[in-house]
>>> print(open('coords-v4.txt').read())   # compact mmCIF, C-alpha atoms
# COMPACT_ATOMS: atom_id res chain seq x y z
CA MET A 1 16.67 -1.71 29.31
CA VAL A 2 13.03 -2.72 28.71
CA ARG A 3 11.36 -4.11 31.80
CA LEU A 4 7.87 -5.49 32.50
CA LEU A 5 5.81 -3.74 35.14
CA MET A 6 3.17 -5.46 37.27
CA ALA A 7 0.37 -3.91 35.24
CA GLY A 8 1.74 -5.59 32.12
CA VAL A 9 2.98 -2.34 30.56
CA LEU A 10 6.48 -2.13 29.15
CA ALA A 11 8.56 0.57 30.79
CA VAL A 12 11.32 2.02 28.64
CA ASP A 13 14.74 3.05 29.81
CA PRO A 14 15.11 6.84 29.42
CA HIS A 15 18.27 6.11 27.45
CA VAL A 16 16.00 4.95 24.59
CA VAL A 17 14.33 8.34 24.37
CA ASP A 18 17.72 10.01 24.68
CA TRP A 19 19.16 7.86 21.85
CA ILE A 20 16.23 8.68 19.57
CA ASP A 21 16.63 12.38 20.34
CA LYS A 22 20.37 12.35 19.64
CA ASN A 23 19.94 10.41 16.38
CA ALA A 24 16.96 12.41 15.11
CA GLN A 25 17.45 13.97 11.69
CA GLN A 26 15.51 16.47 9.62
CA GLN A 27 15.05 14.28 6.56
CA VAL A 28 15.63 10.84 5.07
CA THR A 29 19.21 10.49 3.85
CA ARG A 30 20.91 8.70 0.98
CA GLU A 31 22.57 6.44 3.54
CA ALA A 32 19.16 5.36 4.86
CA ILE A 33 18.00 4.36 1.35
CA GLY A 34 21.30 2.83 0.30
CA ALA A 35 21.08 0.60 -2.78
CA ALA A 36 17.37 -0.16 -2.29
CA THR A 37 15.36 -1.34 -5.29
CA VAL A 38 12.01 -0.95 -3.49
CA VAL A 39 11.20 1.47 -0.67
CA GLY A 40 7.98 1.10 1.31
CA LEU A 41 6.37 4.38 2.37
CA GLY A 42 3.98 3.38 5.14
CA GLU A 43 1.47 5.53 6.99
CA SER A 44 -0.15 4.73 10.31
CA SER A 45 -3.45 6.23 9.23
CA HIS A 46 -4.97 7.11 5.89
CA GLY A 47 -6.44 10.58 5.79
CA THR A 48 -3.95 12.76 7.65
CA HIS A 49 -2.57 15.91 6.12
CA GLU A 50 0.83 15.65 7.76
CA GLU A 51 1.60 11.99 7.06
CA ALA A 52 0.69 12.38 3.39
CA THR A 53 2.80 15.53 3.13
CA ILE A 54 5.76 13.81 4.79
CA LYS A 55 5.53 10.89 2.37
CA PHE A 56 5.27 13.27 -0.57
CA GLY A 57 8.53 14.86 0.52
CA VAL A 58 10.26 11.47 0.72
CA LEU A 59 8.80 10.51 -2.65
CA ARG A 60 10.26 13.62 -4.26
CA PHE A 61 13.63 12.81 -2.73
CA LEU A 62 13.50 9.27 -4.09
CA VAL A 63 12.59 10.49 -7.58
CA GLU A 64 14.78 13.58 -7.81
CA GLU A 65 17.85 12.40 -5.90
CA MET A 66 17.78 8.59 -5.90
CA GLY A 67 16.55 7.74 -9.40
CA PHE A 68 13.27 6.01 -8.52
CA ARG A 69 11.07 5.79 -11.60
CA SER A 70 7.90 3.96 -10.52
CA ILE A 71 5.35 4.71 -7.83
CA ALA A 72 3.43 1.60 -6.74
CA TRP A 73 0.25 2.59 -4.91
CA GLU A 74 -2.28 0.92 -2.66
CA GLU A 75 -4.78 1.35 -5.49
CA ASP A 76 -6.54 -0.81 -8.08
CA TRP A 77 -4.61 -1.89 -11.19
CA THR A 78 -7.29 -0.87 -13.72
CA THR A 79 -7.67 2.55 -12.14
CA SER A 80 -3.92 3.05 -12.24
CA VAL A 81 -3.73 2.38 -15.99
CA ARG A 82 -5.58 5.65 -16.59
CA VAL A 83 -3.67 7.49 -13.89
CA ASN A 84 -0.39 6.30 -15.39
CA ARG A 85 -1.45 7.53 -18.83
CA TYR A 86 -2.20 10.93 -17.29
CA VAL A 87 1.10 11.34 -15.44
CA LEU A 88 3.07 10.20 -18.51
CA THR A 89 1.26 12.13 -21.23
CA GLY A 90 -1.24 14.53 -19.69
CA GLU A 91 -4.13 12.63 -21.32
CA GLY A 92 -7.28 12.82 -19.24
CA ASP A 93 -8.61 15.15 -16.59
CA LEU A 94 -7.01 14.97 -13.16
CA ASP A 95 -10.15 15.91 -11.28
CA ALA A 96 -12.12 13.19 -13.07
CA LEU A 97 -9.37 10.69 -12.30
CA MET A 98 -9.47 11.67 -8.63
CA GLY A 99 -13.12 10.61 -8.64
CA GLU A 100 -12.13 7.13 -9.84
CA LEU A 101 -9.63 6.53 -7.05
CA THR A 102 -10.57 4.61 -3.95
CA THR A 103 -12.34 7.03 -1.59
CA THR A 104 -9.33 6.83 0.77
CA TRP A 105 -7.26 8.82 -1.74
CA ARG A 106 -9.78 11.45 -2.83
CA ASN A 107 -8.13 14.38 -1.13
CA ARG A 108 -6.02 17.43 -1.91
CA GLU A 109 -2.82 15.81 -0.65
CA VAL A 110 -2.99 12.91 -3.13
CA ARG A 111 -4.06 15.25 -5.92
CA ASP A 112 -0.92 17.29 -5.24
CA VAL A 113 1.21 14.14 -5.66
CA LEU A 114 -0.36 13.26 -9.01
CA ALA A 115 -0.16 16.86 -10.25
CA TRP A 116 3.52 16.95 -9.32
CA LEU A 117 4.19 13.64 -11.10
CA ARG A 118 2.60 15.06 -14.24
CA ALA A 119 4.62 18.29 -13.98
CA TYR A 120 7.84 16.35 -13.37
CA ASN A 121 7.27 14.11 -16.37
CA ALA A 122 6.43 17.09 -18.58
CA GLY A 123 9.93 18.40 -17.96
CA HIS A 124 11.96 15.17 -18.04
CA ASP A 125 12.64 12.51 -20.65
CA ASP A 126 13.27 9.83 -17.99
CA LYS A 127 9.68 9.66 -16.79
CA VAL A 128 8.10 8.33 -13.59
CA ARG A 129 5.34 5.72 -13.87
CA PHE A 130 2.35 5.05 -11.62
CA VAL A 131 0.99 1.55 -10.94
CA GLY A 132 -1.72 0.18 -8.70
CA VAL A 133 -0.89 -3.12 -7.01
CA GLU A 134 -4.44 -3.98 -5.88
CA TYR A 135 -7.27 -5.86 -7.61
CA TYR A 136 -10.27 -4.63 -5.66
CA ALA A 137 -12.04 -2.65 -8.41
CA THR A 138 -10.97 -4.50 -11.62
CA ARG A 139 -13.18 -2.59 -14.04
CA SER A 140 -14.03 -3.48 -17.65
CA LEU A 141 -10.66 -2.20 -18.83
CA ALA A 142 -9.03 -5.49 -17.79
CA TYR A 143 -11.65 -7.59 -19.57
CA ASP A 144 -11.37 -5.48 -22.72
CA ALA A 145 -7.58 -5.77 -22.69
CA VAL A 146 -7.74 -9.57 -22.49
CA SER A 147 -10.33 -9.74 -25.27
CA SER A 148 -8.33 -7.41 -27.50
CA TYR A 149 -5.16 -9.43 -27.03
CA VAL A 150 -6.80 -12.80 -27.79
CA THR A 151 -8.57 -11.30 -30.84
CA GLU A 152 -5.16 -10.45 -32.32
CA ALA A 153 -2.99 -13.29 -30.98
CA ALA A 154 -5.35 -16.26 -31.13
CA PRO A 155 -8.60 -15.40 -32.96
CA GLN A 156 -9.47 -19.10 -33.14
CA ARG A 157 -9.80 -19.06 -29.31
CA LEU A 158 -12.04 -15.99 -29.22
CA GLY A 159 -15.31 -17.95 -28.99
CA GLU A 160 -13.94 -19.92 -26.05
CA LEU A 161 -12.78 -16.73 -24.36
CA ARG A 162 -16.15 -15.05 -24.79
CA ARG A 163 -17.96 -18.00 -23.23
CA HIS A 164 -15.91 -17.50 -20.10
CA LEU A 165 -15.86 -13.69 -20.09
CA ARG A 166 -19.59 -13.22 -20.66
CA PRO A 167 -20.74 -14.45 -17.21
CA ILE A 168 -18.03 -12.60 -15.27
CA ARG A 169 -17.89 -9.17 -16.92
CA PRO A 170 -18.64 -6.42 -14.36
CA ARG A 171 -22.35 -5.68 -13.97
CA HIS A 172 -21.46 -2.12 -12.98
CA GLU A 173 -18.53 0.22 -13.58
CA ASP A 174 -19.15 1.45 -10.06
CA ALA A 175 -16.78 -0.84 -8.14
CA GLY A 176 -18.85 -0.71 -4.98
CA ALA A 177 -22.05 -1.68 -6.77
CA ASN A 178 -20.28 -4.54 -8.54
CA LEU A 179 -18.92 -5.83 -5.26
CA ARG A 180 -22.33 -5.65 -3.61
CA TRP A 181 -23.73 -7.77 -6.46
CA TYR A 182 -21.02 -10.41 -6.07
CA MET A 183 -21.28 -10.54 -2.31
CA GLY A 184 -24.96 -11.34 -2.77
CA VAL A 185 -24.15 -14.37 -4.95
CA THR A 186 -24.59 -17.56 -2.90
CA ASP A 187 -22.48 -19.92 -5.01
CA LYS A 188 -19.39 -18.10 -6.25
CA ARG A 189 -17.61 -21.18 -7.56
CA PRO A 190 -18.86 -20.95 -11.18
CA TYR A 191 -17.57 -17.38 -11.42
CA ILE A 192 -14.16 -18.39 -10.10
CA ARG A 193 -14.02 -21.27 -12.59
CA HIS A 194 -14.75 -18.92 -15.50
CA ALA A 195 -12.15 -16.41 -14.28
CA ARG A 196 -9.55 -19.14 -13.90
CA ALA A 197 -10.33 -20.45 -17.40
CA VAL A 198 -9.68 -16.96 -18.80
CA TYR A 199 -6.36 -16.82 -17.00
CA GLU A 200 -5.32 -20.28 -18.16
CA LEU A 201 -6.30 -19.53 -21.75
CA VAL A 202 -4.05 -16.46 -21.86
CA GLU A 203 -1.31 -18.25 -19.93
CA GLY A 204 -1.19 -20.97 -22.59
CA LEU A 205 -0.55 -18.57 -25.49
CA PRO A 206 3.00 -17.89 -26.77
CA GLY A 207 4.94 -15.71 -24.38
CA ASN A 208 5.88 -12.16 -25.35
CA ASP A 209 5.46 -8.73 -23.79
CA ARG A 210 1.84 -8.32 -24.93
CA GLN A 211 0.97 -11.78 -23.64
CA ARG A 212 2.53 -11.02 -20.26
CA LEU A 213 0.55 -7.77 -19.99
CA ALA A 214 -2.70 -9.50 -20.96
CA LEU A 215 -1.93 -12.24 -18.42
CA HIS A 216 -1.55 -9.59 -15.73
CA HIS A 217 -4.99 -8.21 -16.60
CA ALA A 218 -6.37 -11.75 -16.37
CA ARG A 219 -4.65 -12.25 -13.01
CA GLN A 220 -6.48 -9.23 -11.59
CA ILE A 221 -9.82 -10.58 -12.83
CA LEU A 222 -9.17 -13.92 -11.16
CA SER A 223 -7.91 -12.23 -7.99
CA TRP A 224 -11.11 -10.19 -7.69
CA TYR A 225 -13.35 -13.24 -7.91
CA GLU A 226 -11.17 -15.36 -5.63
CA ALA A 227 -10.57 -12.74 -2.96
CA PHE A 228 -14.19 -11.78 -2.43
CA SER A 229 -15.19 -15.40 -2.06
CA LEU A 230 -13.00 -15.81 1.01
CA PRO A 231 -13.94 -15.46 4.69
CA PHE A 232 -13.03 -12.04 6.06
CA GLU A 233 -10.20 -13.43 8.19
CA ASP A 234 -8.47 -14.75 5.04
CA VAL A 235 -8.83 -11.69 2.82
CA TYR A 236 -5.84 -9.75 4.14
CA ALA A 237 -3.46 -12.68 3.66
CA TYR A 238 -4.67 -13.11 0.08
CA ARG A 239 -4.62 -9.38 -0.63
CA ASP A 240 -1.10 -8.70 0.62
CA ALA A 241 0.34 -11.71 -1.17
CA ARG A 242 -1.19 -10.48 -4.44
CA ALA A 243 -0.05 -6.87 -3.84
CA ALA A 244 3.54 -8.04 -3.33
CA GLU A 245 3.40 -10.23 -6.44
CA ASN A 246 1.95 -7.39 -8.49
CA LEU A 247 4.66 -5.00 -7.35
CA ARG A 248 7.41 -7.51 -8.11
CA TRP A 249 5.89 -8.18 -11.53
CA TRP A 250 5.96 -4.47 -12.32
CA GLN A 251 9.49 -4.00 -11.02
CA ARG A 252 10.76 -6.89 -13.15
CA ARG A 253 8.82 -5.65 -16.17
CA THR A 254 10.16 -2.09 -15.99
CA GLY A 255 13.52 -2.56 -14.24
CA ASP A 256 12.63 0.55 -12.22
CA LYS A 257 13.43 1.36 -8.64
CA VAL A 258 9.99 1.50 -7.01
CA ALA A 259 8.48 3.54 -4.17
CA TYR A 260 5.53 1.70 -2.57
CA TRP A 261 2.88 4.03 -1.09
CA ALA A 262 0.48 2.23 1.27
CA ALA A 263 -0.51 1.78 4.90
CA SER A 264 2.25 0.63 7.25
CA ALA A 265 0.35 -2.61 7.83
CA HIS A 266 1.14 -3.41 4.19
CA THR A 267 4.62 -1.90 3.78
CA ALA A 268 6.12 -3.12 7.07
CA ALA A 269 8.36 -6.18 6.78
CA ALA A 270 5.98 -8.10 9.01
CA PRO A 271 5.48 -11.85 8.62
CA GLY A 272 2.72 -12.97 10.96
CA LEU A 273 1.47 -9.42 11.45
CA ARG A 274 -1.49 -9.17 13.78
CA MET A 275 -3.67 -6.17 12.96
CA VAL A 276 -6.25 -5.13 15.52
CA LEU A 277 -9.06 -2.89 14.25
CA GLY A 278 -11.31 -1.59 17.00
CA GLY A 279 -10.55 -4.69 19.07
CA GLU A 280 -11.11 -7.22 16.25
CA ALA A 281 -7.91 -8.97 15.11
CA VAL A 282 -6.75 -10.44 11.82
CA ALA A 283 -3.36 -12.06 11.17
CA PHE A 284 -1.48 -12.21 7.87
CA ASP A 285 1.92 -11.87 6.20
CA SER A 286 2.24 -8.28 5.03
CA ALA A 287 3.22 -7.35 1.48
CA GLY A 288 6.40 -5.90 2.95
CA SER A 289 7.32 -9.27 4.43
CA TYR A 290 7.30 -10.78 0.93
CA LEU A 291 9.29 -7.87 -0.45
CA ARG A 292 11.89 -8.28 2.31
CA ARG A 293 12.07 -12.02 1.57
CA TRP A 294 12.55 -11.43 -2.17
CA TYR A 295 14.73 -8.30 -2.14
CA GLY A 296 16.53 -8.63 1.18
CA ASP A 297 18.35 -5.44 2.12
CA ARG A 298 17.28 -3.95 -1.20
CA TYR A 299 13.83 -3.50 0.35
CA ARG A 300 13.73 -0.58 2.79
CA SER A 301 10.71 -0.02 5.00
CA ILE A 302 9.89 3.53 6.14
CA GLY A 303 7.06 3.98 8.63
CA VAL A 304 5.37 7.30 9.43
CA LEU A 305 3.94 7.48 12.96
CA PHE A 306 2.21 10.17 15.00
CA ASP A 307 1.49 10.97 18.64
CA HIS A 308 -1.83 12.83 18.79
CA GLY A 309 -4.05 15.34 17.00
CA ARG A 310 -7.35 15.16 15.11
CA LEU A 311 -8.75 12.73 12.53
CA SER A 312 -11.95 12.45 10.53
CA THR A 313 -14.41 9.89 11.86
CA GLY A 314 -16.24 9.42 8.56
CA ASP A 315 -15.42 8.54 4.97
CA GLY A 316 -13.54 11.58 3.73
CA CYS A 317 -11.49 14.52 4.88
CA GLY A 318 -12.94 16.85 7.47
CA VAL A 319 -15.95 14.59 8.20
CA ALA A 320 -16.78 14.94 11.90
CA PRO A 321 -13.14 15.41 12.99
CA ALA A 322 -12.43 14.29 16.53
CA PRO A 323 -9.44 14.42 18.87
CA VAL A 324 -6.95 11.53 18.86
CA PRO A 325 -5.34 11.24 22.32
CA ARG A 326 -1.75 10.35 23.03
CA PRO A 327 -1.07 6.61 22.83
CA ASP A 328 -1.30 4.63 26.02
CA PRO A 329 2.00 3.55 27.61
CA GLY A 330 3.13 0.37 25.91
CA PHE A 331 2.71 1.70 22.38
CA ALA A 332 5.90 2.46 20.48
CA ASN A 333 4.26 5.68 19.28
CA ARG A 334 4.29 6.85 22.90
CA VAL A 335 8.07 6.49 23.15
CA PHE A 336 8.68 8.37 19.91
CA GLY A 337 6.27 11.06 21.13
CA ASP A 338 8.14 11.39 24.43
CA VAL A 339 11.09 12.73 22.45
CA GLY A 340 9.09 15.94 22.23
CA ARG A 341 10.13 17.05 18.73
CA ALA A 342 7.52 18.34 16.30
CA GLN A 343 8.81 16.06 13.52
CA TYR A 344 11.93 14.00 12.95
CA VAL A 345 13.49 11.02 11.17
CA VAL A 346 15.41 8.23 12.91
CA ASP A 347 17.29 5.39 11.24
CA LEU A 348 16.62 2.32 13.40
CA ARG A 349 19.72 0.60 12.03
CA ALA A 350 22.04 3.25 13.44
CA LYS A 351 24.60 2.25 16.05
CA ALA A 352 22.95 2.00 19.46
CA PRO A 353 23.67 0.75 22.98
CA GLU A 354 22.30 -2.63 24.00
CA ALA A 355 19.39 -1.11 25.95
CA VAL A 356 18.16 0.51 22.74
CA ARG A 357 18.76 -2.61 20.66
CA GLU A 358 16.79 -4.61 23.21
CA TRP A 359 13.87 -2.19 22.91
CA LEU A 360 13.98 -2.31 19.12
CA ARG A 361 13.99 -6.12 19.14
CA ALA A 362 11.25 -6.47 21.76
CA PRO A 363 7.62 -7.26 20.79
CA ALA A 364 6.05 -3.96 19.77
CA LYS A 365 2.65 -2.37 19.30
CA VAL A 366 2.22 0.52 16.87
CA ARG A 367 -1.06 2.41 16.94
CA GLY A 368 -2.80 3.27 13.68
CA TYR A 369 -6.23 3.53 12.11
CA SER A 370 -8.12 2.34 9.08
CA ASP A 371 -11.25 4.25 10.10
CA TYR A 372 -10.97 6.35 13.23
CA VAL A 373 -13.49 5.62 15.97
CA PRO A 374 -12.80 7.77 19.06
CA ALA A 375 -14.19 5.14 21.45
CA ALA A 376 -11.59 2.67 20.09
CA ALA A 377 -8.69 5.11 20.04
CA GLN A 378 -6.42 2.69 21.90
CA LYS A 379 -7.81 -0.46 20.25
CA SER A 380 -6.47 -0.12 16.71
CA TYR A 381 -2.85 -1.17 16.21
CA MET A 382 -0.39 -3.63 14.70
CA GLU A 383 1.59 -6.17 16.68
CA GLY A 384 3.23 -9.55 16.21
CA GLY A 385 6.77 -8.37 15.61
CA SER A 386 9.33 -5.75 16.57
CA LEU A 387 10.24 -2.28 15.40
CA ALA A 388 13.61 -3.55 14.16
CA GLN A 389 11.82 -6.16 12.05
CA TRP A 390 9.12 -3.88 10.66
CA PHE A 391 10.94 -0.65 9.87
CA ASP A 392 14.37 0.48 8.76
CA VAL A 393 13.44 4.13 9.26
CA VAL A 394 10.73 5.82 11.32
CA ILE A 395 9.45 9.32 10.64
CA HIS A 396 7.57 10.66 13.62
CA ARG A 397 5.09 13.52 13.61
CA GLN A 398 3.89 14.83 16.96
CA VAL A 399 0.56 16.43 15.93
CA ILE A 400 -1.63 15.51 12.98
CA THR A 401 -4.76 16.97 11.38
CA PRO A 402 -7.27 15.59 8.84
CA CYS A 403 -6.49 15.61 5.13
CA THR A 404 -7.89 18.39 2.95
CA PRO A 405 -11.17 17.84 1.05
CA LEU A 406 -11.16 18.33 -2.71
>>> encode(input="coords-v4.txt", output="structure tokens")
Amino acid sequence: MVRLLMAGVLAVDPHVVDWIDKNAQQQVTREAIGAATVVGLGESSHGTHEEATIKFGVLRFLVEEMGFRSIAWEEDWTTSVRVNRYVLTGEGDLDALMGELTTTWRNREVRDVLAWLRAYNAGHDDKVRFVGVEYYATRSLAYDAVSSYVTEAAPQRLGELRRHLRPIRPRHEDAGANLRWYMGVTDKRPYIRHARAVYELVEGLPGNDRQRLALHHARQILSWYEAFSLPFEDVYAYRDARAAENLRWWQRRTGDKVAYWAASAHTAAAPGLRMVLGGEAVAFDSAGSYLRRWYGDRYRSIGVLFDHGRLSTGDGCGVAPAPVPRPDPGFANRVFGDVGRAQYVVDLRAKAPEAVREWLRAPAKVRGYSDYVPAAAQKSYMEGGSLAQWFDVVIHRQVITPCTPL
């Protein structure tokens, strides 16, 4: 059973480690995925070679064996439109597209995923699509798409549209530069009003597939202006709610089974998640919590965890890599690491004795990093729920290394 020690650290019955060891498997199974419509592929840290490679293997299984036909990514919607065109048709240059992705994903491991998607689609009629569920770049492509649609569908409204679009069009195609401009704006309310007027204009036009696509573009424009007007402590709640809505919109639009590639803090079925980054905490309902609410058992959450190794301490792969120690006692990662296997998969819904079920239901802490700071190695984690709530399946890797630079 789980018991509380005087120091406040949870001690775990050795039967828990024994149960994990006995139920460890080499790979994710069909039984673990079941009849899922959406599968979350979470990672405890961006920028590790091994976690990305593990997720790539699961992604291939979902596509090749389970019929998944959309990959939803923790990436901007407007960026993904071009990536999707590439993986479907080969149009565009992959290396140039890699330079448009959020810096988190500019590595060899992600390039390998996109190259494989293109190769798979080149050889199959039933193709796999790529979609970004975030709004945080929202380049001119979205504004142009809205303008093009209104020009054709309601030319009499074009002057009205332009009055609202003109003040809010991106000043820069560089997403970072555009954000820096907006963050320097003292009164953001006029920009939000214009963005909302654009959305409401498109929303009021006759509904059809082109209108719904244009409305989605308009939604991302409004999301960008709204989100970056919020206090930092409210941004994650807004962001994850929008990511979940965007994924559901895409799934309904395509009818596809969808694999959702993101950090575990987003994919975990975690209402009231408390994420601690270097000691600073923020609480929000994760995207996975919405997906679990909407899809029930047809949403499966897979979390990839690790025990120790090396991670980059800067923005990019191989930038000042530093050791990551074993988790302190009290972290769930520590228990999975005590199993001693190099890598394994465990289905947390498998039959287990009460001592194990108690551990799985108990309040948990899972260590992970947005940006790795060695001095805060034990101060970055998620809490506010249990393993049984967050994950259906855990894939554990004992030793990790930084991702590979392009």
>>> closest_residue(input="coords-v4.txt", among="A:Gln343, A:Asn84, A:Ser386, A:Ser289", to="Glu50 of chain A", atoms="all atoms listed in the file")
A:Gln343
>>> closest_residue(input="coords-v4.txt", among="A:Arg118, A:His396, A:Arg180, A:Arg357", to="Val83 of chain A", atoms="only C-alpha atoms")
A:Arg118
>>> closest_residue(input="coords-v4.txt", among="A:Arg397, A:His164, A:Lys127, A:Arg106", to="Arg69 of chain A", atoms="all atoms listed in the file")
A:Lys127
>>> closest_residue(input="coords-v4.txt", among="A:Ala375, A:Ala269, A:Ala175, A:Leu117", to="Glu100 of chain A", atoms="only C-alpha atoms")
A:Ala175
>>> atom_distance(input="coords-v4.txt", atom1="atom CA of Val150 of chain A", atom2="atom CA of Leu179 of chain A")
26.5 Å
>>> atom_distance(input="coords-v4.txt", atom1="atom CA of Gly159 of chain A", atom2="atom CA of Ser80 of chain A")
29.2 Å
>>> closest_residue(input="coords-v4.txt", among="A:Arg139, A:Arg30, A:Arg169, A:His216", to="Arg82 of chain A", atoms="only C-alpha atoms")
A:Arg139
>>> closest_residue(input="coords-v4.txt", among="A:Gly42, A:Gly279, A:Gly34, A:Gly318", to="Leu62 of chain A", atoms="all atoms listed in the file")
A:Gly34
>>> residues_around(input="coords-v4.txt", residues="segment 52-57 of chain A", least_positions_apart="2", cutoff="9 Å", atoms="only C-alpha atoms", output="PyMOL selection string")
chain A and resi 27+41-43+46-50+59-62+109-110+112-113+261+304+395+397+403
>>> atom_distance(input="coords-v4.txt", atom1="atom CA of Phe391 of chain A", atom2="atom CA of Val339 of chain A")
18.4 Å
>>> residues_near_point(input="coords-v4.txt", point="(3.3, 18.4, -14.4)", cutoff="12 Å", atoms="only C-alpha atoms", output="number ranges by chain")
A: 86-91, 94, 111-124, 127-128
>>> residues_around(input="coords-v4.txt", residues="Ala35 of chain A", least_positions_apart="3", cutoff="10 Å", atoms="all atoms listed in the file", output="NGL selection string")
:A and (30-32 or 38 or 66 or 257 or 297-300)
>>> write_last_selection(input="coords-v4.txt", atoms="C-alpha atoms", output="mmCIF file, in the frame of the given file")
data_model
loop_
_atom_site.group_PDB
_atom_site.id
_atom_site.type_symbol
_atom_site.label_atom_id
_atom_site.label_comp_id
_atom_site.auth_asym_id
_atom_site.auth_seq_id
_atom_site.Cartn_x
_atom_site.Cartn_y
_atom_site.Cartn_z
ATOM 1 C CA ARG A 30 20.910 8.700 0.980
ATOM 2 C CA GLU A 31 22.570 6.440 3.540
ATOM 3 C CA ALA A 32 19.160 5.360 4.860
ATOM 4 C CA VAL A 38 12.010 -0.950 -3.490
ATOM 5 C CA MET A 66 17.780 8.590 -5.900
ATOM 6 C CA LYS A 257 13.430 1.360 -8.640
ATOM 7 C CA ASP A 297 18.350 -5.440 2.120
ATOM 8 C CA ARG A 298 17.280 -3.950 -1.200
ATOM 9 C CA TYR A 299 13.830 -3.500 0.350
ATOM 10 C CA ARG A 300 13.730 -0.580 2.790
#
>>> residues_around(input="coords-v4.txt", residues="Ala227 of chain A", least_positions_apart="4", cutoff="7 Å", atoms="all atoms listed in the file", output="MDAnalysis selection string")
chainID A and resid 223 235 238
>>> residues_around(input="coords-v4.txt", residues="Tyr290 of chain A", least_positions_apart="6", cutoff="8 Å", atoms="all atoms listed in the file", output="VMD selection string")
chain A and resid 241 244 269 271
>>> residues_around(input="coords-v4.txt", residues="Gly272 of chain A", least_positions_apart="2", cutoff="9 Å", atoms="all atoms listed in the file", output="list in words")
Ala270, Arg274, Ala283, Phe284, Asp285, Ser286, Ser289, Glu383, Gly384 and Gly385 of chain A
>>> write_last_selection(input="coords-v4.txt", atoms="C-alpha atoms", output="short mmCIF file (atom, residue, chain, number, x, y, z; two decimals), in the frame of the given file")
data_model
loop_
_atom_site.label_atom_id
_atom_site.label_comp_id
_atom_site.auth_asym_id
_atom_site.auth_seq_id
_atom_site.Cartn_x
_atom_site.Cartn_y
_atom_site.Cartn_z
CA ALA A 270 5.98 -8.10 9.01
CA ARG A 274 -1.49 -9.17 13.78
CA ALA A 283 -3.36 -12.06 11.17
CA PHE A 284 -1.48 -12.21 7.87
CA ASP A 285 1.92 -11.87 6.20
CA SER A 286 2.24 -8.28 5.03
CA SER A 289 7.32 -9.27 4.43
CA GLU A 383 1.59 -6.17 16.68
CA GLY A 384 3.23 -9.55 16.21
CA GLY A 385 6.77 -8.37 15.61
#
